[in-house]
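Engineer: Below is the file input.txt, with compact mmCIF, C-alpha atoms.
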# COMPACT_ATOMS: atom_id res chain seq x y z
CA MET A 1 -12.11 14.83 85.03
CA SER A 2 -13.74 18.18 85.46
CA TYR A 3 -13.91 20.98 82.97
CA THR A 4 -13.97 24.57 83.93
CA HIS A 5 -15.03 27.13 81.39
CA PHE A 6 -16.80 30.40 80.97
CA GLU A 7 -20.25 30.69 79.55
CA PRO A 8 -20.47 31.63 75.87
CA ALA A 9 -20.79 35.33 75.19
CA VAL A 10 -23.84 34.76 73.00
CA ALA A 11 -26.76 32.51 73.79
CA VAL A 12 -27.27 29.84 71.15
CA GLU A 13 -30.95 30.83 70.96
CA ASP A 14 -29.98 34.25 69.61
CA SER A 15 -28.23 32.80 66.59
CA PRO A 16 -29.57 33.53 63.11
CA LEU A 17 -32.21 31.33 61.56
CA ALA A 18 -30.53 29.17 58.93
CA ILE A 19 -32.53 28.00 55.96
CA LYS A 20 -31.38 26.13 52.87
CA ILE A 21 -31.99 25.66 49.20
CA LEU A 22 -30.44 22.83 47.20
CA ILE A 23 -28.86 23.44 43.81
CA ALA A 24 -28.70 20.27 41.74
CA GLY A 25 -28.01 19.47 38.14
CA GLY A 26 -25.63 17.81 35.75
CA PHE A 27 -21.92 18.44 35.58
CA GLY A 28 -21.16 21.76 33.92
CA ALA A 29 -24.79 22.91 33.89
CA GLY A 30 -23.97 25.96 35.97
CA LYS A 31 -24.52 25.02 39.62
CA THR A 32 -21.25 26.50 40.80
CA THR A 33 -21.79 29.67 38.78
CA LEU A 34 -25.29 30.11 40.17
CA VAL A 35 -24.12 29.77 43.78
CA GLY A 36 -21.16 32.07 43.13
CA THR A 37 -23.23 34.77 41.43
CA VAL A 38 -25.63 35.32 44.31
CA SER A 39 -23.57 34.46 47.35
CA GLU A 40 -20.11 34.27 48.77
CA ILE A 41 -19.12 30.83 47.57
CA ARG A 42 -16.82 28.65 49.60
CA PRO A 43 -15.74 25.05 49.27
CA LEU A 44 -17.24 22.47 51.58
CA ARG A 45 -15.72 19.03 51.49
CA THR A 46 -17.52 15.92 52.49
CA GLU A 47 -16.14 12.43 52.40
CA GLU A 48 -18.41 9.79 51.12
CA THR A 49 -18.40 6.12 50.55
CA LEU A 50 -18.93 5.69 46.86
CA THR A 51 -20.15 2.22 46.19
CA SER A 52 -21.30 0.39 43.04
CA VAL A 53 -19.83 2.45 40.20
CA GLY A 54 -17.16 3.77 42.53
CA THR A 55 -15.50 0.53 43.52
CA GLU A 56 -14.71 -0.33 39.93
CA VAL A 57 -12.72 2.76 39.12
CA ASP A 58 -11.47 4.01 42.46
CA ASP A 59 -7.72 4.24 42.64
CA THR A 60 -7.24 3.17 46.23
CA PHE A 61 -3.48 3.18 46.32
CA GLY A 62 -2.29 4.12 49.79
CA VAL A 63 -5.73 4.93 51.05
CA GLU A 64 -6.84 3.01 54.07
CA THR A 65 -10.56 3.41 53.84
CA LYS A 66 -10.53 2.28 50.30
CA ASP A 67 -13.94 3.38 49.13
CA THR A 68 -13.97 6.80 50.72
CA THR A 69 -13.61 9.81 48.51
CA THR A 70 -14.12 13.50 49.03
CA VAL A 71 -16.95 15.23 47.31
CA ALA A 72 -16.69 18.98 47.02
CA MET A 73 -19.99 20.76 47.36
CA ASP A 74 -20.70 24.28 46.25
CA PHE A 75 -21.56 26.06 49.42
CA GLY A 76 -22.86 29.59 49.57
CA ARG A 77 -24.40 31.79 52.21
CA ILE A 78 -26.48 34.94 51.94
CA THR A 79 -26.93 36.73 55.24
CA PHE A 80 -30.02 38.88 55.50
CA ARG A 81 -30.39 41.81 57.84
CA ASN A 82 -33.05 40.35 60.09
CA GLY A 83 -31.24 37.35 61.49
CA VAL A 84 -32.03 34.99 58.64
CA ALA A 85 -29.26 33.29 56.67
CA LEU A 86 -29.94 31.50 53.40
CA TYR A 87 -27.61 28.61 52.63
CA LEU A 88 -27.12 27.20 49.16
CA PHE A 89 -25.77 23.70 48.70
CA GLY A 90 -24.79 22.64 45.21
CA THR A 91 -24.32 18.93 44.72
CA PRO A 92 -23.41 16.66 41.84
CA GLY A 93 -26.48 15.51 40.01
CA GLN A 94 -25.78 11.87 39.28
CA ARG A 95 -27.86 9.19 40.88
CA ARG A 96 -24.91 7.82 42.86
CA PHE A 97 -24.87 11.01 44.93
CA TRP A 98 -28.45 10.64 46.07
CA PHE A 99 -27.40 9.45 49.50
CA MET A 100 -25.89 12.91 50.07
CA TRP A 101 -29.04 14.60 48.98
CA ASP A 102 -31.08 12.83 51.64
CA GLU A 103 -29.46 14.92 54.32
CA LEU A 104 -29.44 18.08 52.24
CA ALA A 105 -33.08 17.79 51.22
CA GLN A 106 -34.26 17.31 54.77
CA GLY A 107 -35.72 20.58 55.91
CA ALA A 108 -34.83 22.41 52.69
CA VAL A 109 -37.21 25.11 51.45
CA GLY A 110 -36.80 23.57 48.03
CA ALA A 111 -34.43 22.77 45.22
CA VAL A 112 -33.26 24.29 41.96
CA VAL A 113 -32.43 21.88 39.15
CA VAL A 114 -30.01 23.66 36.82
CA ALA A 115 -30.42 22.34 33.28
CA ASP A 116 -28.44 22.80 30.10
CA THR A 117 -30.52 22.46 26.92
CA ARG A 118 -27.67 20.64 25.19
CA ARG A 119 -27.79 17.92 27.84
CA LEU A 120 -31.27 17.95 29.27
CA SER A 121 -31.05 14.28 30.16
CA ASP A 122 -28.39 15.15 32.78
CA SER A 123 -31.13 16.68 34.90
CA PHE A 124 -33.46 13.66 34.85
CA ALA A 125 -31.91 12.09 37.96
CA ALA A 126 -32.33 15.25 40.04
CA ILE A 127 -35.91 15.75 38.85
CA ASP A 128 -36.77 12.13 39.66
CA TYR A 129 -35.29 12.50 43.11
CA PHE A 130 -37.21 15.64 44.07
CA GLU A 131 -40.45 14.35 42.56
CA GLN A 132 -40.18 11.10 44.53
CA ARG A 133 -39.30 12.92 47.71
CA GLY A 134 -41.94 15.60 47.38
CA THR A 135 -39.38 18.40 47.68
CA PRO A 136 -40.60 21.60 45.98
CA PHE A 137 -38.35 22.33 43.01
CA VAL A 138 -37.99 24.58 39.99
CA VAL A 139 -36.04 23.94 36.83
CA ALA A 140 -33.59 26.70 35.92
CA VAL A 141 -32.66 26.40 32.26
CA ASN A 142 -29.25 28.00 31.97
CA CYS A 143 -29.19 29.69 28.57
CA PHE A 144 -25.63 29.23 27.40
CA ASP A 145 -24.63 31.49 24.51
CA SER A 146 -23.91 28.54 22.24
CA ALA A 147 -26.89 26.42 23.27
CA PRO A 148 -30.06 26.19 21.22
CA ARG A 149 -32.95 28.25 22.62
CA TYR A 150 -36.18 26.49 23.34
CA ASP A 151 -39.34 27.86 24.79
CA VAL A 152 -40.57 26.75 28.16
CA HIS A 153 -43.23 24.45 26.70
CA ARG A 154 -40.71 22.43 24.77
CA VAL A 155 -38.37 22.16 27.75
CA ARG A 156 -41.29 21.08 29.93
CA ALA A 157 -42.27 18.41 27.44
CA ALA A 158 -38.69 17.20 27.08
CA LEU A 159 -38.19 16.99 30.84
CA ASP A 160 -41.67 15.57 31.40
CA VAL A 161 -42.37 17.70 34.46
CA GLY A 162 -45.85 18.65 35.60
CA PRO A 163 -47.50 21.99 34.75
CA ASP A 164 -47.16 23.18 38.35
CA VAL A 165 -43.35 22.97 38.33
CA PRO A 166 -41.93 26.41 37.44
CA ILE A 167 -39.40 26.48 34.62
CA VAL A 168 -37.20 29.58 34.54
CA LEU A 169 -35.00 30.55 31.61
CA CYS A 170 -31.92 32.21 33.07
CA ASP A 171 -28.33 33.21 32.66
CA VAL A 172 -26.74 32.21 35.95
CA ARG A 173 -23.74 34.47 35.33
CA ARG A 174 -26.00 37.48 35.75
CA ARG A 175 -26.86 38.42 39.30
CA GLU A 176 -30.40 39.60 38.57
CA SER A 177 -31.15 36.44 36.66
CA ALA A 178 -29.67 34.18 39.34
CA LYS A 179 -31.62 36.07 41.97
CA LEU A 180 -34.87 35.46 40.10
CA VAL A 181 -34.14 31.73 40.14
CA LEU A 182 -34.01 31.83 43.95
CA VAL A 183 -37.11 34.01 44.05
CA SER A 184 -38.95 31.47 41.92
CA ILE A 185 -38.19 28.55 44.24
CA VAL A 186 -39.21 30.48 47.36
CA GLU A 187 -42.42 31.66 45.65
CA HIS A 188 -43.13 28.09 44.59
CA ALA A 189 -42.57 26.81 48.15
CA LEU A 190 -44.91 29.54 49.41
CA ARG A 191 -47.63 28.52 46.95
CA LEU A 192 -47.35 24.91 48.11
CA VAL A 193 -47.53 25.92 51.78
CA GLY A 194 -50.61 28.00 51.01
CA ARG A 195 -52.20 25.13 49.14
CA HIS A 196 -51.64 22.71 52.02
CA SER A 197 -52.96 25.05 54.67
CA HIS A 198 -56.05 25.90 52.60
CA ALA A 199 -56.70 22.26 51.75
CA GLY A 200 -56.56 21.29 55.43
CA MET B 1 10.62 7.70 37.34
CA THR B 2 6.93 7.41 37.21
CA ALA B 3 4.72 10.35 37.87
CA PRO B 4 2.78 10.22 41.12
CA LYS B 5 -0.64 8.72 40.65
CA ARG B 6 -3.44 11.21 40.76
CA ARG B 7 -6.04 10.07 43.16
CA TRP B 8 -9.05 11.53 41.49
CA PHE B 9 -12.29 9.67 41.41
CA ASP B 10 -13.77 11.82 38.68
CA ASP B 11 -14.42 15.50 38.07
CA SER B 12 -17.61 15.67 40.05
CA ALA B 13 -16.36 13.61 42.95
CA GLY B 14 -12.87 15.06 43.41
CA PRO B 15 -9.71 13.67 44.91
CA ILE B 16 -9.41 10.72 47.23
CA VAL B 17 -7.83 11.81 50.49
CA ARG B 18 -7.10 10.49 53.92
CA PRO B 19 -9.40 12.77 55.83
CA TYR B 20 -9.54 11.13 59.20
CA ALA B 21 -5.99 11.66 60.40
CA VAL B 22 -6.99 14.63 62.58
CA SER B 23 -9.85 12.67 64.10
CA ARG B 24 -7.43 9.81 64.83
CA GLY B 25 -9.16 7.45 62.55
CA ARG B 26 -12.60 7.96 64.02
CA THR B 27 -15.33 8.32 61.45
CA ARG B 28 -18.25 8.58 63.83
CA SER B 29 -18.80 11.13 66.52
CA TYR B 30 -20.08 10.73 70.02
CA GLY B 31 -23.80 11.18 70.18
CA GLU B 32 -26.08 11.95 67.28
CA THR B 33 -24.81 13.19 63.94
CA LEU B 34 -24.93 16.97 63.96
CA ASP B 35 -27.05 18.51 61.23
CA LEU B 36 -25.27 20.64 58.61
CA LEU B 37 -27.21 23.66 59.80
CA ALA B 38 -27.10 22.95 63.53
CA VAL B 39 -25.82 26.11 65.20
CA ILE B 40 -22.81 25.74 67.47
CA VAL B 41 -21.69 28.16 70.15
CA GLY B 42 -18.37 27.48 71.81
CA LYS B 43 -17.37 28.18 75.37
CA VAL B 44 -14.01 29.56 76.33
CA PRO B 45 -11.92 26.64 77.56
CA ALA B 46 -10.05 26.99 80.81
CA ARG B 47 -6.28 27.21 80.60
CA SER B 48 -5.97 23.73 82.04
CA ASP B 49 -8.19 22.34 79.27
CA ARG B 50 -6.18 24.09 76.56
CA ARG B 51 -3.19 21.90 77.30
CA TRP B 52 -4.80 18.66 76.26
CA LEU B 53 -7.18 19.88 73.54
CA ASP B 54 -5.99 19.30 69.96
CA PRO B 55 -5.21 22.34 67.80
CA GLU B 56 -8.28 21.60 65.67
CA HIS B 57 -10.48 21.52 68.76
CA LEU B 58 -9.09 24.89 69.80
CA ARG B 59 -9.55 26.36 66.33
CA LEU B 60 -13.16 25.17 66.34
CA LEU B 61 -13.74 26.69 69.76
CA SER B 62 -12.29 30.01 68.72
CA LEU B 63 -14.31 30.04 65.48
CA CYS B 64 -17.60 29.37 67.19
CA ARG B 65 -17.24 32.01 69.86
CA ARG B 66 -20.00 33.53 67.73
CA PRO B 67 -22.84 31.19 66.70
CA MET B 68 -21.86 29.25 63.58
CA THR B 69 -23.40 26.39 61.66
CA VAL B 70 -21.64 23.05 61.26
CA ALA B 71 -21.36 23.70 57.51
CA ASP B 72 -19.74 27.10 58.07
CA LEU B 73 -17.27 25.62 60.56
CA ALA B 74 -16.26 22.82 58.17
CA SER B 75 -15.79 25.31 55.37
CA GLU B 76 -13.78 27.75 57.51
CA LEU B 77 -11.60 25.01 58.91
CA GLU B 78 -11.12 23.51 55.42
CA LEU B 79 -11.67 20.06 56.81
CA PRO B 80 -14.16 17.51 55.52
CA LEU B 81 -17.55 17.62 57.12
CA GLY B 82 -17.25 14.16 58.70
CA VAL B 83 -14.02 15.09 60.46
CA VAL B 84 -15.52 18.30 61.81
CA ARG B 85 -18.51 16.36 63.08
CA VAL B 86 -16.22 14.01 65.00
CA LEU B 87 -14.33 16.94 66.53
CA LEU B 88 -17.56 18.75 67.43
CA GLY B 89 -18.86 15.52 68.93
CA ASP B 90 -15.81 15.53 71.24
CA LEU B 91 -16.41 19.13 72.25
CA GLN B 92 -20.08 18.44 72.89
CA TYR B 93 -19.19 15.41 75.02
CA TRP B 94 -16.82 17.56 77.06
CA GLY B 95 -19.46 20.23 77.51
CA LEU B 96 -17.46 22.85 75.63
CA ILE B 97 -20.10 23.75 73.05
CA SER B 98 -23.84 24.36 72.96
CA VAL B 99 -25.75 22.98 70.02
CA ARG B 100 -29.04 24.22 68.61
CA PRO B 101 -30.64 21.86 66.11
CA PRO B 102 -31.93 23.61 62.97
CA GLN B 103 -35.52 24.70 63.24
CA THR B 104 -36.32 23.47 59.78
CA ARG B 105 -39.70 21.98 60.51
CA ALA B 106 -40.81 25.29 61.86
CA TYR B 107 -39.85 27.42 58.89
CA VAL B 108 -40.42 25.16 55.91
CA HIS B 109 -44.15 25.45 56.49
CA ASP B 110 -44.06 28.95 57.89
CA GLU B 111 -45.43 31.45 55.38
CA ARG B 112 -44.18 34.38 57.42
CA ILE B 113 -40.54 33.25 57.29
CA LEU B 114 -40.75 32.35 53.60
CA ARG B 115 -42.12 35.85 52.92
CA ILE B 116 -39.24 37.41 54.85
CA VAL B 117 -36.79 35.43 52.69
CA LEU B 118 -38.63 36.45 49.54
CA ASN B 119 -38.57 40.15 50.42
CA GLU B 120 -34.89 39.96 51.26
CA LEU B 121 -34.15 38.25 47.95
CA TYR B 122 -35.98 41.01 46.05
CA THR B 123 -33.81 43.65 47.68
CA LEU B 124 -30.56 41.71 47.24
Could you write out this file's structure as structure tokens?
Structural biologist:
Amino acid sequence: MSYTHFEPAVAVEDSPLAIKILIAGGFGAGKTTLVGTVSEIRPLRTEETLTSVGTEVDDTFGVETKDTTTVAMDFGRITFRNGVALYLFGTPGQRRFWFMWDELAQGAVGAVVVADTRRLSDSFAAIDYFEQRGTPFVVAVNCFDSAPRYDVHRVRAALDVGPDVPIVLCDVRRRESAKLVLVSIVEHALRLVGRHSHAG
Amino acid sequence: MTAPKRRWFDDSAGPIVRPYAVSRGRTRSYGETLDLLAVIVGKVPARSDRRWLDPEHLRLLSLCRRPMTVADLASELELPLGVVRVLLGDLQYWGLISVRPPQTRAYVHDERILRIVLNELYTL
């Protein structure tokens, strides 16, 4: 069989440079809000094989691949003027989703762990993951109106993260605040790049 | 009468669906798995090719007339990522799309690009 077609109007080499930041954290911590505040948020569905915990509670009635389920990611894009597009991927924080993160973390500038002071332990899994993987990350403490306020030192001690990991207190509903969270992860990634190149 | 069973796994996982009907049951694509941020540019299929291409293939081709990432295509098409990867794998096999892998290694350690992103974020 032969295929006849025209050449594309645009060369693939001219396409914008796509870079990504991961947004992780516990359920309800504010991942979706953060992505939606700074970018045009759209759903992105993936289908995943959820094993271990999943097989016990999956309702597989009428579903042929019995352990496949869709996982909706928060997906946002910010297009800059100079041919660079920043992609945000928000993913569920629990340990059983780590297999998804492997792909997302590959080649990511870094990650934001969104934390809620009422449920700080929900962010442990994400922090563990990025520490183990060596992905640059910052912790964004989403200051809910009803949540107790803590200073950064106490949050750092509670989360047991190193002194070099930035912790940002924020209100992800506010655009300026959400923007500063992204600024902090890019600045952190830049510091680490600088450190590596100077050490070498 | 009993209410239809809700096929939800849990709140963070979402509903259980049968996503592979449009890919005819295939869960793996030809060739290597396309990265989420691989950029796809479609070619204009000849009229003779249009007759046998599936509607989803044609929608993909029309969407990626301009360069688009795999993630953008999946989101626009409102199909799960795995399904879109299978369909793109078909199009790649038939020579109907060009694929540019993401240049992540280049930029993650590139101070210049990180500074561009930072400056853009400041002015957002």
Engineer: Tell me, in Å to one decimal, how far atom CA of A:Ala24 is from atom CA of A:Thr91.
Structural biologist: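 Between atom CA of A:Ala24 and atom CA of A:Thr91 the gap is 5.5 Å.
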Engineer: Kindly give the distance, in Å, that separates atom CA of B:Ser62 and atom CA of B:Gly42, rounded to a single decimal.
Structural biologist: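 Distance between the two atoms: 7.3 Å.
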Engineer: Taking only C-alpha atoms into account, name the residue in A:Arg133, A:Arg174, A:Lys20, A:Arg156 that is nearest to chain B.
Structural biologist: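 Of A:Arg133, A:Arg174, A:Lys20, A:Arg156, the one nearest chain B, counting only C-alpha atoms, is A:Lys20.
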Engineer: Put a box with edges along x, y and z around all the listed atoms of stretch 37-48 of chain A, pad it by 5 Å on each side, then give me its centre and sizes in Å, one decimal, as JSON.
Structural biologist:
{"center_x": -20.7, "center_y": 22.6, "center_z": 47.0, "size_x": 19.9, "size_y": 35.5, "size_z": 21.1}
Engineer: Considering all atoms listed in the file, tabulate each residue of stretch 72-170 of chain A that lies at most 10 Å from stretch 65-86 of chain B along with its nearest interatomic pair and the corresponding distance in Å to one decimal; arrange the rows by chain and ascending residue number and present them as a tab-separated table.
Structural biologist:
residue	atom	partner	partner_atom	distance
A:Ala72	CA	B:Pro80	CA	9.0
A:Phe75	CA	B:Ser75	CA	8.3
A:Gly76	CA	B:Asp72	CA	9.4
A:Arg77	CA	B:Asp72	CA	8.8
A:Tyr87	CA	B:Ala71	CA	9.3
A:Phe89	CA	B:Ala71	CA	9.9
Engineer: Nearest residue to B:Pro101 out of A:Asp102, A:Gly107, A:Ala125, A:Gly134, using only C-alpha atoms?
Structural biologist: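 Going through A:Asp102, A:Gly107, A:Ala125, A:Gly134 one by one, the smallest distance to B:Pro101 is for A:Gly107.
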Engineer: Distance table requested - stretch 82-151 of chain A against stretch 161-170 of chain A, cut-off 10 Å, all atoms listed in the file: one row per qualifying residue with the closest atom pair and its distance in Å to one decimal, ordered by chain and rising residue number, as JSON lines.
Structural biologist:
{"residue": "A:Val112", "atom": "CA", "partner": "A:Ile167", "partner_atom": "CA", "distance": 9.8}
{"residue": "A:Val113", "atom": "CA", "partner": "A:Ile167", "partner_atom": "CA", "distance": 9.5}
{"residue": "A:Val114", "atom": "CA", "partner": "A:Cys170", "partner_atom": "CA", "distance": 9.5}
{"residue": "A:Ala115", "atom": "CA", "partner": "A:Leu169", "partner_atom": "CA", "distance": 9.5}
{"residue": "A:Phe124", "atom": "CA", "partner": "A:Val161", "partner_atom": "CA", "distance": 9.8}
{"residue": "A:Ile127", "atom": "CA", "partner": "A:Val161", "partner_atom": "CA", "distance": 8.1}
{"residue": "A:Asp128", "atom": "CA", "partner": "A:Val161", "partner_atom": "CA", "distance": 9.5}
{"residue": "A:Glu131", "atom": "CA", "partner": "A:Val161", "partner_atom": "CA", "distance": 9.0}
{"residue": "A:Pro136", "atom": "CA", "partner": "A:Val165", "partner_atom": "CA", "distance": 8.2}
{"residue": "A:Phe137", "atom": "CA", "partner": "A:Val165", "partner_atom": "CA", "distance": 6.9}
{"residue": "A:Val138", "atom": "CA", "partner": "A:Pro166", "partner_atom": "CA", "distance": 5.0}
{"residue": "A:Val139", "atom": "CA", "partner": "A:Ile167", "partner_atom": "CA", "distance": 4.8}
{"residue": "A:Ala140", "atom": "CA", "partner": "A:Val168", "partner_atom": "CA", "distance": 4.8}
{"residue": "A:Val141", "atom": "CA", "partner": "A:Leu169", "partner_atom": "CA", "distance": 4.8}
{"residue": "A:Asn142", "atom": "CA", "partner": "A:Cys170", "partner_atom": "CA", "distance": 5.1}
{"residue": "A:Cys143", "atom": "CA", "partner": "A:Cys170", "partner_atom": "CA", "distance": 5.8}
{"residue": "A:Phe144", "atom": "CA", "partner": "A:Cys170", "partner_atom": "CA", "distance": 9.0}
{"residue": "A:Arg149", "atom": "CA", "partner": "A:Leu169", "partner_atom": "CA", "distance": 9.5}
{"residue": "A:Tyr150", "atom": "CA", "partner": "A:Leu169", "partner_atom": "CA", "distance": 9.3}
{"residue": "A:Asp151", "atom": "CA", "partner": "A:Leu169", "partner_atom": "CA", "distance": 8.5}
Engineer: Using all atoms listed in the file, which of the listed residues (B:Leu124, B:Leu34, B:Leu61, B:Val117) sits closest to B:Gly89?
Structural biologist: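 For B:Gly89, the nearest of the candidates is B:Leu34.
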Engineer: Determine the nearest neighbour of chain B from the options A:Val109, A:Gly36, A:Ile41, A:Tyr129, counting all atoms listed in the file.
Structural biologist: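 Ranked by minimum distance to chain B, first place goes to A:Val109.
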Engineer: Hey, can you check how far atom CA of A:Asp145 sits from atom CA of A:Gly26?
Structural biologist: 17.7 Å
Engineer: Taking only C-alpha atoms into account, name the residue in B:Asp49, B:Glu32, B:Glu56, B:Asp90 that is nearest to chain A.
Structural biologist: B:Asp49
Engineer: Find the spatial neighbours of A:Glu176, counting only C-alpha atoms, within a cut-off of 12 Å - ignore same-chain residues fewer than 6 positions away - and output them as an NGL selection string.
Structural biologist: (:A and (34 or 37-38 or 170 or 182-183)) or (:B and (121-124))
Engineer: So which one's closest to chain B, A:Gly25, A:Gly83, A:Pro43, A:Gly30? Using all atoms listed in the file, please.
Structural biologist: A:Pro43
Engineer: Need the shell around B:Leu96: protein/DNA/RNA residues with any atom at most 8 Å away, counting only C-alpha atoms. Skip same-chain ones fewer than 4 positions apart. Format as a PyMOL selection string?
Structural biologist: (chain A and resi 5) or (chain B and resi 42-45+61+91-92)
